[in-house]
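Data first, discussion second: the structure below is written as structure tokens.
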Amino acid sequence: MEGASFLARTLGLAPRFDVMATLAKGPVCYTKLLGKRIYFVNDAEYVKRILLDNVANYPKSATYRNNLRPFLGDGLLISEGDFWKRQRRLAQPAFHLRRLKALAAAMADAAVRMAAGWQHGRVTDVMIEMNAVTMEIVARTLFGADVSGNIGEVGEAMTVLQEETGRVGFTAFFDLPEFLTRPRGRRFGDAVATLDRIVNRIVAERRASGETRDDLLSMLLEARDEETGEGMTDKQLRDELVTLFLAGHETTAIALTWTFHLLGQNPRAEALLQAEVDEVLGERDAPSFEDLERLPYARMVAEEAMRLYPPAYVFSRRAAGDDQLGPYRMPAGAHIVISPYALHRRPDYWPEPDAFWPERFAPGARTDRPKLAYLPFGGGARICIGNSFAMMEHAIVLAAAVRHWQLESIPGRDVKTEPRITLRPRGGLPMRVMRRAAG
Ligand code: HEM
């Protein structure tokens, strides 16, 4: 086990801290901070034990929950035990492919409008563009038309809440006392109140109207527990909607942003993608749900981009009781950090791990690596509920952008990662937007 006193060395130096290199050092890496034991688990077999085989022993860490609870309540991301199980059962049908199909047109509409607003030759911050489009998509697919009058207000409140909860930075890395991680203050309180007011109004109006629409809100309102026949209370709905709103946009925006960066660096892959998109879309500006299966290269590009830059690059668990991971003992109370980033760059799982090579994910390509060597959406029972939603959204936005535009990297600009709660490019991602001759 690697001794790593680096946490103590680097506390407070977050922006200069090369987390990634350190995390990739060995199957299990151990340190002690403020008397708490912290373990980095970088082996796919051990991760499988934590997320699947012995999952009951590894609830989510308290630090993470304390940080997000004042904002997300008891939403899916942080709830536990029987309550989580029931809520997941209730929400799951809303994410079945058959239901997602109804959301594709709203995604395409937002993506086409985004691309229509671009100007030839202009440098634009791709991170900002992707954040705006994914926020609009999540707002519309969650609430349908109901949020159109409030989309600006919801967006602002969401940004404040993300900033305030993100202030603590590496929450997943540390096992910190509650008073240090709980967001507070007037700005935070006001943003929660704004969001609550809007979400509660939308839920009340929709309940009163009895109307059913093709959005996630209607699907969640209709959801009934198979065993008890009960639906969700207003409070549960509020927590799940706010959770889906938060979990559902920044991660996808980041995945898209890194995808454009990587395509800007890899002209061959970019040309292959353009050719696929042109052929499938023909005269159209964005794909339909049915087109998606005819865009396999777009999917491979997304998967490879999330391998190199997994938006949720790190998450954490707590060992409830003693356990054994191979030769390593995990004592009860251990704080465990799992990093998709580190696993995705292990050379024994991924030959030439730093190379962007979408063909790794070609149908029928090598599959002898352990299953959990790739986990951009986590794994086991707590796997991301929105993974198909995100993959569909990624393909639609990417295809709509690529149809008419080519995004060029800025020469000489060194693009670095900013590992906060999610893995953003430091300082955003300016790129030059060029109209394609063929577009
Ligand atoms: C590329 C985009 C996305 C990435 C990389 C991502 C990543 C993840 C990861 C790694 C987890 C597991 C965290 C853990 O085990 O501690 C997770 C959970 C979750 N994600 Fe996503 N996510 C994405 C998009 C979405 C979308 C679009 C939605 C909703 C519309 C969503 C909703 C959720 C929820 C509710 C959970 C908690 C699930 C549970 O514990 O039952 N995510 N996500």
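We label chains A, B, ... in the order they appear in the structure tokens, count residues from 1 in each chain, and number ligands from 1 in the order shown.
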
So which residues touch Arg369 in chain A within 9 Å, counting only C-alpha atoms, skipping near sequence neighbours fewer than 3 positions away, as a PyMOL selection string?
chain A and resi 348-350+366+372-374

Determine, counting only C-alpha atoms, which protein, DNA and RNA residues have an atom within 12 Å of an atom of Gly427 in chain A; residues of the same chain fewer than 5 positions away are not included. Present the result as a PyMOL selection string.
chain A and resi 15+125-128+413-419

Print the selection's residues with C-alpha atoms to a file, as a CSV table (one decimal), in the first residue's frame.
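Everything below was put into out-v4.csv:
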chain,number,residue,atom,x,y,z
A,15,PRO,CA,-5.6,24.7,-7.7
A,125,ASP,CA,-16.1,29.3,-24.6
A,126,VAL,CA,-17.3,25.8,-25.3
A,127,MET,CA,-17.8,25.1,-21.5
A,128,ILE,CA,-20.3,28.0,-21.3
A,413,ARG,CA,-3.3,27.1,-25.5
A,414,ASP,CA,-2.4,24.5,-22.9
A,415,VAL,CA,-5.7,23.0,-21.7
A,416,LYS,CA,-5.5,21.8,-18.1
A,417,THR,CA,-7.9,20.0,-15.8
A,418,GLU,CA,-9.5,21.7,-12.8
A,419,PRO,CA,-10.4,18.9,-10.4

With a distance cut-off of 9 Å and only C-alpha atoms, select the neighbouring residues of Glu304 in chain A, excluding the residue or stretch itself and same-chain residues fewer than 4 positions from it, and output the selection as a PDB file with N, CA and C atoms, in the first residue's frame.
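Output (part-v8.pdb):
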ATOM      1  N   THR A 259     -15.087  16.469 -25.146  1.00  0.00           N
ATOM      2  CA  THR A 259     -15.188  15.843 -26.463  1.00  0.00           C
ATOM      3  C   THR A 259     -14.737  16.821 -27.553  1.00  0.00           C
ATOM      4  N   ARG A 299     -21.000   7.659 -30.624  1.00  0.00           N
ATOM      5  CA  ARG A 299     -21.043   7.022 -29.312  1.00  0.00           C
ATOM      6  C   ARG A 299     -19.626   6.632 -28.846  1.00  0.00           C
ATOM      7  N   MET A 300     -18.847   6.095 -29.777  1.00  0.00           N
ATOM      8  CA  MET A 300     -17.477   5.708 -29.438  1.00  0.00           C
ATOM      9  C   MET A 300     -16.661   6.931 -29.013  1.00  0.00           C
ATOM     10  N   LEU A 308     -11.030   9.421 -20.969  1.00  0.00           N
ATOM     11  CA  LEU A 308      -9.899  10.316 -20.686  1.00  0.00           C
ATOM     12  C   LEU A 308     -10.255  11.389 -19.661  1.00  0.00           C
ATOM     13  N   TYR A 309     -11.468  11.913 -19.754  1.00  0.00           N
ATOM     14  CA  TYR A 309     -11.882  12.976 -18.832  1.00  0.00           C
ATOM     15  C   TYR A 309     -13.241  12.645 -18.237  1.00  0.00           C
ATOM     16  N   PHE A 356      -6.123   9.374 -27.453  1.00  0.00           N
ATOM     17  CA  PHE A 356      -7.554   9.432 -27.783  1.00  0.00           C
ATOM     18  C   PHE A 356      -7.794   8.489 -28.946  1.00  0.00           C
ATOM     19  N   TRP A 357      -8.491   7.442 -28.677  1.00  0.00           N
ATOM     20  CA  TRP A 357      -8.623   6.377 -29.661  1.00  0.00           C
ATOM     21  C   TRP A 357     -10.032   5.772 -29.535  1.00  0.00           C
ATOM     22  N   PRO A 358     -11.023   6.380 -30.185  1.00  0.00           N
ATOM     23  CA  PRO A 358     -12.419   5.935 -30.041  1.00  0.00           C
ATOM     24  C   PRO A 358     -12.612   4.465 -30.416  1.00  0.00           C
ATOM     25  N   GLU A 359     -11.721   3.947 -31.288  1.00  0.00           N
ATOM     26  CA  GLU A 359     -11.859   2.550 -31.740  1.00  0.00           C
ATOM     27  C   GLU A 359     -11.784   1.549 -30.587  1.00  0.00           C
ATOM     28  N   ARG A 360     -11.252   1.940 -29.447  1.00  0.00           N
ATOM     29  CA  ARG A 360     -11.260   1.039 -28.281  1.00  0.00           C
ATOM     30  C   ARG A 360     -12.689   0.581 -27.971  1.00  0.00           C
ATOM     31  N   PHE A 361     -13.652   1.466 -28.289  1.00  0.00           N
ATOM     32  CA  PHE A 361     -15.051   1.187 -27.934  1.00  0.00           C
ATOM     33  C   PHE A 361     -15.864   0.691 -29.130  1.00  0.00           C
TER      34      PHE A 361
END

Using only C-alpha atoms, determine which residues lie at most 12 Å from Pro70 in chain A, disregarding the query and same-chain residues fewer than 2 positions distant; provide the list as a PyMOL selection string.
chain A and resi 64-68+72-75+78+161+164-165+178+181-185+188-189+191-193+196+239+242-243

Output file for the residues above (N, CA and C atoms, as a compact mmCIF listing (two decimals), in the first residue's frame):
# COMPACT_ATOMS: atom_id res chain seq x y z
N TYR A 64 -19.86 13.84 1.75
CA TYR A 64 -20.58 14.11 0.51
C TYR A 64 -22.04 14.44 0.82
N ARG A 65 -22.62 13.62 1.69
CA ARG A 65 -24.04 13.83 2.03
C ARG A 65 -24.25 15.15 2.75
N ASN A 66 -23.35 15.45 3.73
CA ASN A 66 -23.50 16.69 4.49
C ASN A 66 -23.41 17.90 3.57
N ASN A 67 -22.53 17.79 2.60
CA ASN A 67 -22.31 18.90 1.69
C ASN A 67 -23.53 19.16 0.81
N LEU A 68 -24.18 18.10 0.38
CA LEU A 68 -25.25 18.27 -0.59
C LEU A 68 -26.67 18.27 -0.02
N LEU A 72 -30.02 19.26 -1.79
CA LEU A 72 -30.69 18.17 -2.50
C LEU A 72 -31.68 17.40 -1.64
N GLY A 73 -31.75 17.72 -0.34
CA GLY A 73 -32.67 17.00 0.54
C GLY A 73 -32.35 15.52 0.55
N ASP A 74 -33.39 14.70 0.38
CA ASP A 74 -33.17 13.25 0.36
C ASP A 74 -33.28 12.70 -1.05
N GLY A 75 -32.76 13.44 -2.02
CA GLY A 75 -32.81 12.98 -3.42
C GLY A 75 -31.92 11.76 -3.64
N ILE A 78 -28.02 11.11 -2.81
CA ILE A 78 -27.44 10.96 -1.47
C ILE A 78 -28.29 10.13 -0.51
N LEU A 161 -25.97 27.64 -6.22
CA LEU A 161 -25.91 26.44 -5.37
C LEU A 161 -24.69 25.59 -5.72
N GLU A 164 -21.66 27.41 -4.25
CA GLU A 164 -21.59 27.35 -2.79
C GLU A 164 -21.24 25.95 -2.29
N THR A 165 -21.82 24.91 -2.91
CA THR A 165 -21.48 23.55 -2.47
C THR A 165 -20.08 23.19 -2.97
N GLU A 178 -18.94 17.84 9.77
CA GLU A 178 -20.10 18.42 9.10
C GLU A 178 -20.03 19.95 9.02
N THR A 181 -18.25 21.30 5.97
CA THR A 181 -18.71 21.00 4.61
C THR A 181 -20.11 21.49 4.32
N ARG A 182 -20.86 21.85 5.38
CA ARG A 182 -22.25 22.26 5.15
C ARG A 182 -22.27 23.67 4.55
N PRO A 183 -22.84 23.83 3.35
CA PRO A 183 -22.91 25.19 2.79
C PRO A 183 -23.87 26.04 3.61
N ARG A 184 -23.60 27.30 3.75
CA ARG A 184 -24.48 28.17 4.54
C ARG A 184 -24.42 29.58 3.97
N GLY A 185 -25.06 30.52 4.67
CA GLY A 185 -24.97 31.91 4.23
C GLY A 185 -26.21 32.32 3.47
N PHE A 188 -26.65 31.31 -0.32
CA PHE A 188 -27.05 29.92 -0.45
C PHE A 188 -28.53 29.77 -0.11
N GLY A 189 -28.93 30.36 1.04
CA GLY A 189 -30.32 30.25 1.50
C GLY A 189 -31.30 30.83 0.47
N ALA A 191 -30.87 31.12 -2.76
CA ALA A 191 -30.95 30.29 -3.96
C ALA A 191 -31.81 29.05 -3.71
N VAL A 192 -31.67 28.44 -2.53
CA VAL A 192 -32.51 27.27 -2.21
C VAL A 192 -33.98 27.70 -2.20
N ALA A 193 -34.25 28.87 -1.60
CA ALA A 193 -35.64 29.33 -1.51
C ALA A 193 -36.23 29.58 -2.91
N ASP A 196 -36.91 26.20 -4.55
CA ASP A 196 -38.05 25.55 -3.91
C ASP A 196 -39.36 26.18 -4.36
N ASP A 239 -37.25 16.98 -3.93
CA ASP A 239 -35.86 16.54 -3.76
C ASP A 239 -35.35 15.81 -5.00
N VAL A 242 -34.90 18.42 -7.98
CA VAL A 242 -33.71 19.27 -7.82
C VAL A 242 -32.44 18.42 -8.02
N THR A 243 -32.47 17.20 -7.53
CA THR A 243 -31.31 16.30 -7.72
C THR A 243 -31.08 16.03 -9.20

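Here CA of Pro425 in chain A is placed at a distance of 22.6 Å from CA of Gly386 in chain A.
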